[in-house]
file data27.txt (compact mmCIF, C-alpha atoms)
# COMPACT_ATOMS: atom_id res chain seq x y z
CA MET A 1 111.55 172.67 108.78
CA SER A 2 113.39 169.76 107.11
CA LEU A 3 111.78 168.86 103.79
CA LEU A 4 114.35 166.23 102.84
CA SER A 5 116.85 164.21 104.79
CA LEU A 6 119.23 161.47 103.75
CA GLU A 7 120.45 159.57 106.78
CA LYS A 8 123.57 157.41 106.30
CA VAL A 9 122.39 156.29 102.87
CA HIS A 10 124.25 153.51 101.07
CA ALA A 11 123.64 152.56 97.44
CA ARG A 12 125.25 150.54 94.66
CA LEU A 13 125.06 150.49 90.88
CA SER A 14 125.95 146.96 89.82
CA LYS A 15 128.92 146.21 92.07
CA ALA A 16 130.10 149.78 92.45
CA VAL A 17 129.38 151.70 95.66
CA VAL A 18 127.95 155.08 94.62
CA LEU A 19 126.72 156.30 98.01
CA ASP A 20 128.69 155.44 101.13
CA GLY A 21 126.93 156.65 104.26
CA VAL A 22 125.63 159.92 102.81
CA SER A 23 123.76 162.25 105.17
CA LEU A 24 122.34 165.65 104.25
CA GLU A 25 119.27 167.81 104.82
CA VAL A 26 117.34 170.42 102.89
CA ALA A 27 115.10 172.85 104.78
CA ALA A 28 112.34 175.13 103.60
CA GLY A 29 113.65 178.42 102.25
CA GLU A 30 117.17 177.34 101.36
CA VAL A 31 119.26 176.32 98.36
CA VAL A 32 121.71 173.49 99.00
CA ALA A 33 124.32 172.87 96.30
CA LEU A 34 125.85 169.45 95.75
CA CYS A 35 129.38 169.87 94.41
CA GLY A 36 132.13 167.41 93.55
CA PRO A 37 134.06 165.92 90.64
CA ASN A 38 132.49 163.64 88.05
CA GLY A 39 131.54 160.33 89.61
CA ALA A 40 131.43 161.74 93.14
CA GLY A 41 127.85 160.57 93.74
CA LYS A 42 125.91 163.81 93.23
CA SER A 43 123.40 162.41 90.73
CA SER A 44 123.07 159.23 92.76
CA ALA A 45 122.21 161.24 95.87
CA ILE A 46 119.51 163.15 93.99
CA ARG A 47 118.11 159.98 92.42
CA ALA A 48 118.00 158.29 95.83
CA ALA A 49 116.21 161.34 97.22
CA VAL A 50 113.40 161.02 94.67
CA GLY A 51 113.16 157.24 95.00
CA LEU A 52 114.68 156.42 91.60
CA LEU A 53 117.74 154.69 93.04
CA GLY A 54 117.22 151.85 95.45
CA ILE A 55 119.22 152.12 98.64
CA ALA A 56 121.01 149.32 100.45
CA GLY A 57 121.00 151.03 103.83
CA GLY A 58 120.02 154.19 105.64
CA GLN A 59 116.87 156.28 105.29
CA VAL A 60 115.44 158.85 102.90
CA ARG A 61 112.75 161.03 104.48
CA LEU A 62 110.44 163.61 102.95
CA GLY A 63 109.03 165.96 105.55
CA GLY A 64 109.67 163.35 108.21
CA ALA A 65 108.00 160.46 106.36
CA SER A 66 110.05 157.61 104.95
CA ILE A 67 109.98 157.76 101.16
CA ALA A 68 109.35 154.02 101.15
CA ASP A 69 105.99 154.65 102.85
CA LEU A 70 104.80 157.23 100.32
CA SER A 71 102.85 156.39 97.18
CA HIS A 72 104.15 157.56 93.82
CA ARG A 73 101.46 160.24 93.80
CA ARG A 74 102.46 161.55 97.23
CA ARG A 75 106.09 161.70 96.11
CA ALA A 76 105.08 163.57 92.96
CA GLU A 77 103.14 166.08 95.05
CA ARG A 78 106.10 166.73 97.35
CA ILE A 79 109.00 166.77 94.87
CA ALA A 80 109.68 168.56 91.61
CA TYR A 81 112.55 166.77 89.85
CA LEU A 82 114.66 168.15 87.01
CA PRO A 83 116.89 165.34 85.70
CA GLN A 84 120.20 165.76 83.96
CA ASP A 85 118.92 164.10 80.77
CA ARG A 86 117.20 166.63 78.50
CA ARG A 87 115.96 164.25 75.82
CA ILE A 88 112.28 164.55 74.93
CA GLY A 89 110.87 161.73 72.83
CA TRP A 90 108.08 163.60 71.02
CA ASN A 91 107.99 166.91 69.20
CA LEU A 92 105.29 168.38 71.44
CA PRO A 93 104.76 172.13 71.80
CA ALA A 94 106.70 173.57 74.72
CA VAL A 95 103.53 174.48 76.60
CA GLU A 96 102.34 170.86 76.52
CA VAL A 97 105.71 169.60 77.75
CA ALA A 98 105.68 172.11 80.60
CA ALA A 99 102.09 171.16 81.46
CA LEU A 100 103.24 167.59 82.12
CA GLY A 101 104.53 168.93 85.42
CA ALA A 102 100.93 169.26 86.62
CA PRO A 103 99.36 165.84 85.94
CA PHE A 104 96.82 166.21 88.75
CA LEU A 105 95.31 169.43 87.43
CA SER A 106 92.67 169.85 84.74
CA GLY A 107 94.00 170.36 81.23
CA THR A 108 93.06 174.03 81.11
CA GLU A 109 94.58 174.83 84.50
CA ALA A 110 97.75 172.88 83.70
CA LEU A 111 98.24 174.75 80.42
CA THR A 112 97.63 178.11 82.12
CA ARG A 113 100.21 177.31 84.76
CA ALA A 114 102.60 176.03 82.06
CA ARG A 115 102.41 179.30 80.11
CA ALA A 116 103.13 181.25 83.30
CA ALA A 117 106.15 179.05 84.05
CA LEU A 118 107.50 179.49 80.51
CA GLU A 119 107.24 183.25 80.94
CA GLU A 120 109.05 182.95 84.26
CA VAL A 121 112.07 181.29 82.59
CA GLY A 122 112.12 183.64 79.62
CA ALA A 123 110.62 181.13 77.20
CA GLY A 124 107.08 182.43 76.78
CA HIS A 125 107.73 183.05 73.09
CA LEU A 126 108.48 179.34 72.66
CA ALA A 127 105.15 178.13 74.06
CA ASP A 128 103.73 176.86 70.77
CA ARG A 129 106.96 175.68 69.17
CA GLY A 130 107.84 171.97 69.03
CA VAL A 131 110.66 171.04 71.39
CA ALA A 132 112.49 169.06 68.67
CA GLU A 133 112.90 172.34 66.79
CA MET A 134 114.69 174.03 69.69
CA SER A 135 118.30 174.40 70.74
CA GLY A 136 119.55 172.52 73.78
CA GLY A 137 119.44 175.71 75.83
CA GLU A 138 115.84 176.39 74.84
CA ARG A 139 114.81 172.84 75.77
CA ALA A 140 116.55 173.30 79.13
CA ARG A 141 114.31 176.27 79.84
CA VAL A 142 111.20 174.30 78.87
CA LEU A 143 112.16 171.46 81.20
CA LEU A 144 112.84 173.92 84.01
CA ALA A 145 109.37 175.34 83.41
CA ARG A 146 107.95 171.81 83.70
CA ALA A 147 109.63 171.45 87.11
CA LEU A 148 108.34 174.84 88.25
CA VAL A 149 104.79 173.96 87.22
CA VAL A 150 104.76 171.21 89.86
CA ASP A 151 104.79 173.90 92.59
CA ALA A 152 106.06 171.32 95.08
CA PRO A 153 107.63 172.26 98.42
CA LEU A 154 110.88 170.56 97.35
CA LEU A 155 112.74 171.01 94.04
CA LEU A 156 115.67 168.78 93.05
CA ALA A 157 117.72 169.70 89.98
CA ASP A 158 120.58 167.61 88.60
CA GLU A 159 123.14 169.78 86.78
CA PRO A 160 120.47 172.14 85.40
CA ILE A 161 123.00 174.64 83.98
CA ALA A 162 125.29 172.20 82.15
CA GLY A 163 125.90 173.33 78.59
CA LEU A 164 124.05 176.63 78.96
CA ASP A 165 125.47 180.04 78.13
CA PRO A 166 126.34 182.32 81.10
CA ASP A 167 123.12 184.34 80.88
CA ALA A 168 120.96 181.21 80.87
CA GLN A 169 122.96 179.71 83.74
CA ARG A 170 122.23 182.69 85.91
CA LEU A 171 118.58 182.78 84.88
CA VAL A 172 118.13 179.15 85.94
CA LEU A 173 119.83 179.69 89.28
CA GLU A 174 117.90 182.91 89.87
CA ARG A 175 114.63 181.01 89.38
CA LEU A 176 115.75 178.28 91.80
CA ARG A 177 116.81 180.94 94.29
CA ALA A 178 113.43 182.65 93.91
CA ARG A 179 111.63 179.39 94.67
CA ALA A 180 113.66 179.00 97.85
CA ASP A 181 113.02 182.61 98.84
CA ALA A 182 109.30 181.87 98.43
CA GLY A 183 109.58 179.00 100.93
CA ALA A 184 110.57 175.91 98.91
CA GLY A 185 113.63 173.78 99.56
CA VAL A 186 116.05 173.37 96.65
CA LEU A 187 118.79 170.76 96.17
CA VAL A 188 120.88 171.34 93.03
CA SER A 189 124.05 169.69 91.73
CA LEU A 190 126.58 172.11 90.25
CA HIS A 191 130.08 171.98 88.80
CA ASP A 192 130.59 175.75 88.76
CA LEU A 193 131.90 176.49 92.25
CA THR A 194 131.65 180.27 91.87
CA LEU A 195 127.95 180.02 91.03
CA ALA A 196 127.43 177.55 93.88
CA ALA A 197 128.98 180.05 96.28
CA ALA A 198 126.88 182.89 94.87
CA PHE A 199 123.47 181.20 94.98
CA ALA A 200 123.57 178.49 97.68
CA ASP A 201 123.00 178.84 101.40
CA ARG A 202 124.99 175.68 102.03
CA VAL A 203 127.31 173.50 99.96
CA VAL A 204 127.62 169.73 100.31
CA VAL A 205 130.91 168.53 98.82
CA MET A 206 130.96 164.90 97.71
CA ASP A 207 133.87 162.70 96.70
CA GLN A 208 133.90 158.97 95.99
CA GLY A 209 130.35 158.55 97.24
CA GLN A 210 130.92 160.30 100.56
CA VAL A 211 130.18 163.72 102.00
CA VAL A 212 133.53 165.35 102.76
CA ALA A 213 132.28 168.86 103.63
CA HIS A 214 128.87 170.31 104.50
CA ALA A 215 128.74 173.95 105.50
CA ALA A 216 128.27 177.52 104.28
CA PRO A 217 129.90 177.92 100.83
CA MET A 218 133.17 179.59 101.91
CA GLU A 219 133.66 177.06 104.69
CA ALA A 220 132.76 173.99 102.64
CA LEU A 221 134.93 175.10 99.71
CA GLU A 222 137.94 176.17 101.72
CA PRO A 223 141.46 175.80 100.21
CA ASP A 224 142.19 172.33 101.60
CA VAL A 225 138.94 170.94 100.14
CA LEU A 226 139.63 172.66 96.82
CA ARG A 227 143.00 170.92 96.64
CA ARG A 228 141.99 167.46 97.94
CA VAL A 229 138.69 167.09 96.09
CA PHE A 230 138.95 169.31 93.02
CA GLY A 231 142.71 169.38 92.42
CA LEU A 232 142.82 173.17 92.59
CA ASP A 233 145.21 175.56 94.29
CA GLY A 234 143.59 178.87 95.14
CA GLY A 235 141.00 180.64 97.19
CA TRP A 236 138.20 183.16 97.17
CA ILE A 237 138.22 186.86 96.44
CA GLU A 238 135.34 189.28 96.84
CA GLY A 239 133.92 190.41 93.51
CA PRO A 240 131.30 193.07 92.72
CA ASP A 241 128.50 190.47 92.68
CA GLY A 242 129.81 188.07 95.29
CA PRO A 243 132.74 185.70 95.86
CA LEU A 244 134.91 184.63 92.93
CA LEU A 245 137.14 181.56 92.84
CA ALA A 246 140.74 182.37 91.86
CA ALA A 247 142.47 179.03 91.32
CA ARG A 248 144.74 176.97 89.10
CA ARG A 249 145.30 173.26 88.74
CA ALA A 250 147.31 171.86 91.62
CA GLN A 251 150.76 170.68 90.59

call {"tool": "encode", "arguments": {"input": "data27.txt", "output": "structure tokens"}}
result
Amino acid sequence: MSLLSLEKVHARLSKAVVLDGVSLEVAAGEVVALCGPNGAGKSSAIRAAVGLLGIAGGQVRLGGASIADLSHRRRAERIAYLPQDRRIGWNLPAVEVAALGAPFLSGTEALTRARAALEEVGAGHLADRGVAEMSGGERARVLLARALVVDAPLLLADEPIAGLDPDAQRLVLERLRARADAGAGVLVSLHDLTLAAAFADRVVVMDQGQVVAHAAPMEALEPDVLRRVFGLDGGWIEGPDGPLLAARRAQ
């Protein structure tokens, strides 16, 4: 079942075209990774999918319904969104920040679910600590917990592992993978191609606002795409825990 579809979506920021006929789908039970260089349109595609970026053409559909026809509440019930920006304006305890992901629940139920989500991301010990007193990696876990608290059928995460240490990167992707295995659809933007290949069912490669490849990881990230889009010469080798990218900068 398709939970999200972008159909020939066009969008601009000021005069710059950021999405140029982008089409992609996310189904229940799968992780789809958006990959591409900086400025390729990955964040714009995610923002368009949640209704935060106005589109100049095409359609965004959630479960078959046009996003334009859904109220803000209906969108919030269908989508959990983890933005790239990790700033939090107030020094609230982590459990209260995570509970913001459940605005339609009672306070007690929201806090209970928030504590469970913090435990799920390995941050249960941070529940009562103010987020301004945390490292960037700790705040990233709290914000992931907030997205998990939503318990929506669709989870969109924009570069959720940027700046995290390797252990935390894998923890985040393992939690996203677990949500998909439990029946949710996940769309996540990633720069680490090896991790994209390890955790995603499909990879959508973007460049200059367009989709240039959309397939299983090894097919989407084949050598010609690696060279043309990422400026890399190389290929994939089989490692003990999955495929590994062996590459160098193209000359």

call {"tool": "closest_residue", "arguments": {"input": "data27.txt", "among": "A:Arg249, A:His72, A:Arg47, A:Arg141", "to": "Val229 in chain A", "atoms": "all atoms listed in the file"}}
result
A:Arg249

call {"tool": "residues_near_point", "arguments": {"input": "data27.txt", "point": "(108.3, 177.3, 84.5)", "cutoff": "9 Å", "atoms": "all atoms listed in the file", "output": "list in words"}}
result
Ala98, Arg113, Ala114, Arg115, Ala116, Ala117, Leu118, Glu119, Glu120, Val121, Gly122, Ala123, Arg141, Val142, Leu143, Leu144, Ala145, Arg146, Ala147, Leu148, Val149, Val150 and Arg175 of chain A

call {"tool": "closest_residue", "arguments": {"input": "data27.txt", "among": "A:Gly136, A:Asp167, A:Leu100, A:Val18", "to": "Ser43 in chain A", "atoms": "all atoms listed in the file"}}
result
A:Val18

call {"tool": "residues_around", "arguments": {"input": "data27.txt", "residues": "Leu190 in chain A", "least_positions_apart": "5", "cutoff": "9 Å", "atoms": "all atoms listed in the file", "output": "count of residues only"}}
result
12

call {"tool": "atom_distance", "arguments": {"input": "data27.txt", "atom1": "CA of Gly64 in chain A", "atom2": "CA of Arg12 in chain A"}}
result
24.3 Å

call {"tool": "residues_near_point", "arguments": {"input": "data27.txt", "point": "(100.8, 177.1, 73.6)", "cutoff": "9 Å", "atoms": "all atoms listed in the file", "output": "ChimeraX atom specification"}}
result
/A:93-96,111,114-115,124,126-129

call {"tool": "atom_distance", "arguments": {"input": "data27.txt", "atom1": "CA of Ser2 in chain A", "atom2": "CA of Val186 in chain A"}}
result
11.4 Å

call {"tool": "atom_distance", "arguments": {"input": "data27.txt", "atom1": "CA of Leu82 in chain A", "atom2": "CA of Leu156 in chain A"}}
result
6.2 Å

call {"tool": "closest_residue", "arguments": {"input": "data27.txt", "among": "A:Ala40, A:Val188, A:Leu154, A:Ala200", "to": "Gln84 in chain A", "atoms": "all atoms listed in the file"}}
result
A:Val188

call {"tool": "residues_around", "arguments": {"input": "data27.txt", "residues": "Arg227 in chain A", "least_positions_apart": "2", "cutoff": "12 Å", "atoms": "only C-alpha atoms", "output": "PyMOL selection string"}}
result
chain A and resi 36-37+221-225+229-235+247-251

call {"tool": "closest_residue", "arguments": {"input": "data27.txt", "among": "A:Leu176, A:Met218, A:Val203, A:Leu92", "to": "Glu25 in chain A", "atoms": "only C-alpha atoms"}}
result
A:Val203

call {"tool": "residues_around", "arguments": {"input": "data27.txt", "residues": "range 13-15 of chain A", "least_positions_apart": "2", "cutoff": "12 Å", "atoms": "all atoms listed in the file", "output": "list in words"}}
result
His10, Ala11, Val17, Val18, Leu19, Asp20, Gly39, Gly41, Ser44, Arg47, Ala48, Leu52, Leu53, Gly54, Ile55, Ala56 and Gly209 of chain A

call {"tool": "write_last_selection", "arguments": {"input": "data27.txt", "atoms": "C-alpha atoms", "output": "mmCIF file, in the frame of the given file"}}
result
data_model
loop_
_atom_site.group_PDB
_atom_site.id
_atom_site.type_symbol
_atom_site.label_atom_id
_atom_site.label_comp_id
_atom_site.auth_asym_id
_atom_site.auth_seq_id
_atom_site.Cartn_x
_atom_site.Cartn_y
_atom_site.Cartn_z
ATOM 1 C CA HIS A 10 124.250 153.510 101.070
ATOM 2 C CA ALA A 11 123.640 152.560 97.440
ATOM 3 C CA VAL A 17 129.380 151.700 95.660
ATOM 4 C CA VAL A 18 127.950 155.080 94.620
ATOM 5 C CA LEU A 19 126.720 156.300 98.010
ATOM 6 C CA ASP A 20 128.690 155.440 101.130
ATOM 7 C CA GLY A 39 131.540 160.330 89.610
ATOM 8 C CA GLY A 41 127.850 160.570 93.740
ATOM 9 C CA SER A 44 123.070 159.230 92.760
ATOM 10 C CA ARG A 47 118.110 159.980 92.420
ATOM 11 C CA ALA A 48 118.000 158.290 95.830
ATOM 12 C CA LEU A 52 114.680 156.420 91.600
ATOM 13 C CA LEU A 53 117.740 154.690 93.040
ATOM 14 C CA GLY A 54 117.220 151.850 95.450
ATOM 15 C CA ILE A 55 119.220 152.120 98.640
ATOM 16 C CA ALA A 56 121.010 149.320 100.450
ATOM 17 C CA GLY A 209 130.350 158.550 97.240
#
